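Peer 1: I'd like to ask some things about the structure below.
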Protein chains: 2
Amino acid sequence: MPNPTAAMLVIGDEILSGRTKDANMHHLACALTEHGIDLCEVRVISDDGGAIQTAVNELRASFSHVFTSGGIGPTHDDITADNVARAFGAKIDVREDARAILQAHYDRQDLELNEARLRMARIPDGAVLIDNPVSGAPGFSLENVHVMAGVPKIFQAMLAGLLPTLTGGAPVLSAALDVMRGEGDIAGPLGDLADRYSALSFGSYPFQRDGLFGSNVVIRGQDKASIDQAMDELKELFAS
Amino acid sequence: MPNPTAAMLVIGDEILSGRTKDANMHHLACALTEHGIDLCEVRVISDDGGAIQTAVNELRASFSHVFTSGGIGPTHDDITADNVARAFGAKIDVREDARAILQAHYDRQDLELNEARLRMARIPDGAVLIDNPVSGAPGFSLENVHVMAGVPKIFQAMLAGLLPTLTGGAPVLSAALDVMRGEGDIAGPLGDLADRYSALSFGSYPFQRDGLFGSNVVIRGQDKASIDQAMDELKELFAS
């Protein structure tokens, strides 16, 4: 059975302007690969309501899961929750379970749950909360769309809680070999090998080391035995 | 006049599996901001012909420029050039100007321009070559789609040659202020300020430093005088 598929939606002007270097994409990619969910597409879009709604609706129709990061804080530029709700045609308002979580969080710190902070308790009808052990304000899953924070420490904590609740497939296994020849030298035989093992995927990534050209060849798939067999053939091809 | 817009298309299974951490997005974002081109969307997709064609056609219709990275090497998984050509309905074959560049490059290194390497001279009809001072094999621009390598050193060199040939707009200017209060404390007054300066964009990014919560507030726009004026008001609001 093929693995569940996923897309990621990164929301934030700060990534597109270069102010901030995204750190969540690589973390999610690794975590999903390990969990047996295939990340098929990532989109980075700006803090724009229409863009968020369009992307959410396109991606949730195409993939088993959509993971979003960014735009769920208390400030005016945090518009993700409202626009995810709009994409679904779902009502959104302050929800009592989320308000209680925030109230307890700010009580512990002797801070006021003011109007701005209360915006973080706006949760669409029908959504399931995602726990935020770092800073209180929860994310949420609405059907197959999982809305999480952009701050990497919080994104990672939310994902760690969410992922075990999602059905994964067979983890994708991989094996890699450094061949100390340029890609142009190995491309022909490597392509033939890839053709013969059509259930596996073969990638080739050039590098330079101590002034020499090499290629890192990666074989990926779900069946360990055929990866091993293909790797043996690969070594034989390029053992020089 | 509004700035030209752009999208980036990152092509490569290795990014989506987590094997490789993309490094080109942040570089392109910074370079475009400086050049006065607004990066509006980034998509990361797999080495899949259909996905490449769909994304190229959607993005080139929506934005002034599309910059792609990845998939133009000599191996079987390098399918970007052929699928960009297909997206345009353009013919693609080995082109003599590109072949001459490769021939000279490999002659200098005493390497053979074999069949695999010759694939890198496949250039769509009507495309303009993008110089590759690092490893010879050129990128190309087909109308508003600029096809470049995925290896960061090569991507950066290609972009450095390409960008001065593209018309930029007014560079986006920005000013930032660290406010040592949590976002929830500043959100109300900050939102009011943002409403009054509707030609500017206001972002707020939480941080923690020495155990204290703070917010990095960024004001962005094209008019230095109004950014300065808004920044003065911001400082007055949150001078504690």
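Each chain in the structure tokens gets a letter, A, B, ..., in the order shown, and its residues are numbered from 1; ligands are numbered from 1 in order too.
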Can you pull out the residues contacting segment 81-94 of chain B? Cut-off 10 Å, using only C-alpha atoms, and skip same-chain residues under 4 positions away; I want them as an MDAnalysis selection string.
Peer 2: chainID B and resid 48:58 68 70:73 98:99 118:127 139:140 142:143 145:148
Peer 1: Please, could you write that set of residues out with N, CA and C atoms as a compact mmCIF listing (two decimals), in the first residue's frame?
Peer 2:
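File produced: again_9.txt:
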```
# COMPACT_ATOMS: atom_id res chain seq x y z
N ASP B 48 9.48 15.01 -10.63
CA ASP B 48 8.36 14.39 -11.31
C ASP B 48 7.94 15.29 -12.47
N GLY B 49 7.98 14.73 -13.67
CA GLY B 49 7.75 15.54 -14.86
C GLY B 49 6.43 16.31 -14.84
N GLY B 50 5.37 15.61 -14.49
CA GLY B 50 4.06 16.26 -14.47
C GLY B 50 4.01 17.39 -13.46
N ALA B 51 4.58 17.14 -12.27
CA ALA B 51 4.58 18.17 -11.22
C ALA B 51 5.38 19.40 -11.67
N ILE B 52 6.49 19.18 -12.36
CA ILE B 52 7.30 20.30 -12.83
C ILE B 52 6.51 21.13 -13.85
N GLN B 53 5.91 20.45 -14.81
CA GLN B 53 5.17 21.17 -15.85
C GLN B 53 4.01 21.98 -15.26
N THR B 54 3.25 21.35 -14.37
CA THR B 54 2.11 22.06 -13.76
C THR B 54 2.59 23.29 -12.99
N ALA B 55 3.61 23.11 -12.17
CA ALA B 55 4.08 24.22 -11.34
C ALA B 55 4.64 25.34 -12.22
N VAL B 56 5.43 24.99 -13.23
CA VAL B 56 6.00 26.02 -14.11
C VAL B 56 4.88 26.82 -14.77
N ASN B 57 3.87 26.13 -15.26
CA ASN B 57 2.81 26.85 -15.96
C ASN B 57 1.96 27.71 -15.03
N GLU B 58 1.69 27.20 -13.82
CA GLU B 58 0.92 28.01 -12.87
C GLU B 58 1.71 29.25 -12.46
N THR B 68 14.00 28.71 -11.05
CA THR B 68 14.02 27.31 -10.61
C THR B 68 15.43 26.93 -10.15
N GLY B 70 17.75 23.26 -9.37
CA GLY B 70 17.83 21.80 -9.28
C GLY B 70 17.42 21.05 -10.54
N GLY B 71 18.06 19.90 -10.73
CA GLY B 71 17.63 18.99 -11.78
C GLY B 71 18.17 19.27 -13.16
N ILE B 72 19.34 19.96 -13.26
CA ILE B 72 19.89 20.20 -14.61
C ILE B 72 21.27 19.56 -14.80
N GLY B 73 21.56 18.52 -14.04
CA GLY B 73 22.84 17.82 -14.19
C GLY B 73 22.77 16.74 -15.26
N ALA B 98 25.59 25.74 -26.53
CA ALA B 98 25.78 25.09 -25.23
C ALA B 98 26.81 23.96 -25.34
N ARG B 99 26.76 23.23 -26.47
CA ARG B 99 27.72 22.15 -26.68
C ARG B 99 29.15 22.71 -26.73
N LEU B 118 26.64 15.44 -22.36
CA LEU B 118 26.04 16.18 -23.48
C LEU B 118 24.56 16.50 -23.20
N ARG B 119 23.93 15.71 -22.32
CA ARG B 119 22.54 16.03 -21.94
C ARG B 119 22.45 17.45 -21.38
N MET B 120 23.53 17.92 -20.77
CA MET B 120 23.50 19.27 -20.18
C MET B 120 23.53 20.37 -21.24
N ALA B 121 23.70 19.98 -22.51
CA ALA B 121 23.62 20.96 -23.60
C ALA B 121 22.23 20.97 -24.22
N ARG B 122 21.31 20.21 -23.65
CA ARG B 122 19.92 20.24 -24.13
C ARG B 122 19.27 21.54 -23.66
N ILE B 123 18.94 22.41 -24.61
CA ILE B 123 18.41 23.74 -24.29
C ILE B 123 17.16 23.96 -25.16
N PRO B 124 16.08 24.43 -24.58
CA PRO B 124 14.87 24.64 -25.38
C PRO B 124 15.07 25.73 -26.44
N ASP B 125 14.40 25.57 -27.56
CA ASP B 125 14.41 26.60 -28.60
C ASP B 125 13.95 27.93 -28.01
N GLY B 126 14.67 28.98 -28.35
CA GLY B 126 14.25 30.32 -27.92
C GLY B 126 14.80 30.74 -26.57
N ALA B 127 15.48 29.82 -25.87
CA ALA B 127 16.00 30.16 -24.55
C ALA B 127 17.32 30.93 -24.67
N GLY B 139 22.78 27.35 -17.38
CA GLY B 139 21.34 27.40 -17.16
C GLY B 139 20.72 28.10 -18.35
N PHE B 140 19.43 28.41 -18.27
CA PHE B 140 18.81 29.17 -19.35
C PHE B 140 17.56 29.90 -18.86
N LEU B 142 13.91 30.88 -20.34
CA LEU B 142 12.92 30.73 -21.40
C LEU B 142 11.79 31.68 -21.02
N GLU B 143 11.63 32.75 -21.83
CA GLU B 143 10.73 33.84 -21.45
C GLU B 143 11.01 34.26 -20.00
N VAL B 145 11.01 32.38 -17.27
CA VAL B 145 11.40 31.26 -16.39
C VAL B 145 12.91 31.06 -16.47
N HIS B 146 13.58 31.17 -15.32
CA HIS B 146 15.03 31.14 -15.26
C HIS B 146 15.46 29.84 -14.58
N VAL B 147 16.11 28.98 -15.35
CA VAL B 147 16.41 27.62 -14.91
C VAL B 147 17.87 27.53 -14.47
N MET B 148 18.06 27.24 -13.19
CA MET B 148 19.42 27.25 -12.62
C MET B 148 19.72 25.96 -11.85
```
Peer 1: Write out, as a Markdown table, each residue of chain B that has an atom at most 6 Å from chain A, together with the closest pair of atoms and their distance in Å to one decimal, counting only C-alpha atoms, rows going by chain and rising number.
Peer 2:
```
| residue | atom | partner | partner_atom | distance |
| --- | --- | --- | --- | --- |
| B:Leu16 | CA | A:Ala29 | CA | 5.6 |
| B:Ser17 | CA | A:Ala29 | CA | 5.4 |
| B:Gly18 | CA | A:Cys30 | CA | 4.7 |
| B:His26 | CA | A:Gly18 | CA | 5.6 |
| B:Ala29 | CA | A:Gly18 | CA | 4.8 |
| B:Cys30 | CA | A:Gly18 | CA | 4.7 |
| B:Leu39 | CA | A:Leu16 | CA | 5.7 |
| B:Glu41 | CA | A:Ile45 | CA | 4.9 |
| B:Val42 | CA | A:Val44 | CA | 4.9 |
| B:Arg43 | CA | A:Arg43 | CA | 4.5 |
| B:Val44 | CA | A:Val42 | CA | 4.9 |
| B:Ile45 | CA | A:Glu41 | CA | 4.9 |
| B:Pro74 | CA | A:Gly184 | CA | 5.5 |
| B:Thr75 | CA | A:Ala187 | CA | 4.6 |
| B:His76 | CA | A:Gly191 | CA | 5.2 |
| B:Ala116 | CA | A:Gly184 | CA | 5.6 |
| B:Arg117 | CA | A:Gly184 | CA | 5.1 |
| B:Gly184 | CA | A:Arg117 | CA | 5.1 |
| B:Ala187 | CA | A:Thr75 | CA | 4.7 |
| B:Gly191 | CA | A:His76 | CA | 5.3 |
```
Peer 1: Let's have the selection written as a CSV table (one decimal), in the first residue's frame, with N, CA, C and O atoms.
Peer 2:
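Result file is result.csv:
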```csv
chain,number,residue,atom,x,y,z
B,16,LEU,N,12.8,17.1,-0.2
B,16,LEU,CA,11.5,16.7,0.5
B,16,LEU,C,11.7,15.5,1.4
B,16,LEU,O,10.9,15.2,2.3
B,17,SER,N,12.8,14.7,1.1
B,17,SER,CA,13.0,13.5,2.0
B,17,SER,C,13.8,14.0,3.2
B,17,SER,O,14.0,13.2,4.1
B,18,GLY,N,14.4,15.2,3.2
B,18,GLY,CA,15.2,15.6,4.3
B,18,GLY,C,16.7,15.3,4.1
B,18,GLY,O,17.5,15.6,5.0
B,26,HIS,N,16.8,31.0,0.8
B,26,HIS,CA,17.1,32.2,1.6
B,26,HIS,C,18.1,33.1,0.8
B,26,HIS,O,17.9,34.3,0.9
B,29,ALA,N,15.9,34.9,-1.7
B,29,ALA,CA,15.0,35.9,-1.1
B,29,ALA,C,15.8,37.2,-0.8
B,29,ALA,O,15.3,38.3,-1.1
B,30,CYS,N,16.9,37.1,-0.2
B,30,CYS,CA,17.7,38.3,0.1
B,30,CYS,C,18.1,39.0,-1.2
B,30,CYS,O,18.0,40.3,-1.2
B,39,LEU,N,9.6,38.6,-3.9
B,39,LEU,CA,9.4,37.1,-3.9
B,39,LEU,C,8.1,36.8,-3.2
B,39,LEU,O,7.9,37.1,-2.1
B,41,GLU,N,6.1,33.7,-3.7
B,41,GLU,CA,5.8,32.3,-3.4
B,41,GLU,C,7.0,31.4,-3.7
B,41,GLU,O,7.8,31.7,-4.6
B,42,VAL,N,7.2,30.4,-2.9
B,42,VAL,CA,8.2,29.3,-3.2
B,42,VAL,C,7.5,28.0,-3.2
B,42,VAL,O,6.6,27.7,-2.3
B,43,ARG,N,7.8,27.2,-4.1
B,43,ARG,CA,7.3,25.8,-4.1
B,43,ARG,C,8.5,24.8,-4.2
B,43,ARG,O,9.4,25.1,-5.0
B,44,VAL,N,8.4,23.8,-3.4
B,44,VAL,CA,9.3,22.7,-3.5
B,44,VAL,C,8.6,21.5,-4.0
B,44,VAL,O,7.6,21.1,-3.4
B,45,ILE,N,9.0,20.9,-5.1
B,45,ILE,CA,8.4,19.7,-5.6
B,45,ILE,C,9.4,18.6,-5.9
B,45,ILE,O,10.6,18.9,-5.9
B,74,PRO,N,23.8,15.8,-15.3
B,74,PRO,CA,23.9,14.8,-16.3
B,74,PRO,C,23.2,13.5,-16.0
B,74,PRO,O,23.2,12.6,-16.9
B,75,THR,N,22.6,13.3,-14.8
B,75,THR,CA,22.1,12.0,-14.5
B,75,THR,C,20.6,11.8,-14.8
B,75,THR,O,19.9,12.8,-15.1
B,76,HIS,N,20.1,10.6,-14.7
B,76,HIS,CA,18.8,10.2,-15.1
B,76,HIS,C,17.7,11.0,-14.3
B,76,HIS,O,16.6,11.2,-14.8
B,116,ALA,N,26.3,11.4,-21.5
B,116,ALA,CA,25.6,11.9,-20.3
B,116,ALA,C,25.9,13.4,-20.1
B,116,ALA,O,24.9,14.2,-19.9
B,117,ARG,N,27.1,13.8,-20.2
B,117,ARG,CA,27.4,15.2,-20.1
B,117,ARG,C,26.8,16.0,-21.2
B,117,ARG,O,26.4,17.2,-20.9
B,184,GLY,N,2.0,39.5,23.0
B,184,GLY,CA,0.6,39.7,23.5
B,184,GLY,C,0.5,41.1,24.2
B,184,GLY,O,-0.6,41.6,24.2
B,187,ALA,N,0.6,43.8,21.0
B,187,ALA,CA,-0.2,43.5,19.8
B,187,ALA,C,-1.3,44.6,19.5
B,187,ALA,O,-1.5,45.0,18.3
B,191,GLY,N,-1.1,46.9,16.2
B,191,GLY,CA,-2.1,46.8,15.2
B,191,GLY,C,-2.7,48.1,14.8
B,191,GLY,O,-2.9,48.4,13.6
```
Peer 1: From a DSSP calculation on the backbone, collect every residue of segment 1-220 of chain A in helix (DSSP H, G or I) and output the set as a ChimeraX atom specification.
Peer 2: /A:13-16,24-35,49-62,80-88,96-108,115-121,152-165,183-196
Peer 1: If you run DSSP on this backbone, which residues of segment 110-200 of chain A come out as strand (DSSP E or B), and could you give them as JSON, numbers by chain?
Peer 2: {"A": [122, 123, 124, 128, 129, 130, 139, 140, 141, 142, 145, 146, 147, 148, 173, 174, 175, 176, 177, 178, 179]}
Peer 1: Do you have the atom CA of Ser198 of chain A-atom CA of Ser215 of chain A distance handy?
Peer 2: 20.7 Å
Peer 1: What is the distance between atom CA of Ile219 of chain B and atom CA of Ser135 of chain A, in Å to one decimal?
Peer 2: 25.3 Å
Peer 1: Give me, as a list in words, all polymer residues having an atom no more than 12 Å from Thr165 of chain B, counting only C-alpha atoms and skipping those fewer than 2 positions away in the same chain.
Peer 2: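 With the cut-off at 12 Å, the set is His35, Val128, Ile130, Ser141, His146, Met158, Leu159, Ala160, Gly161, Leu162, Leu163, Thr167 and Gly168 of chain B.
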Peer 1: Would you mind telling me which residue in A:Ser226, A:Ala61, A:Leu173, A:Leu212 lies nearest to Gln109 of chain B when using only C-alpha atoms?
Peer 2: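 Smallest distance to Gln109 of chain B is found for A:Leu212.
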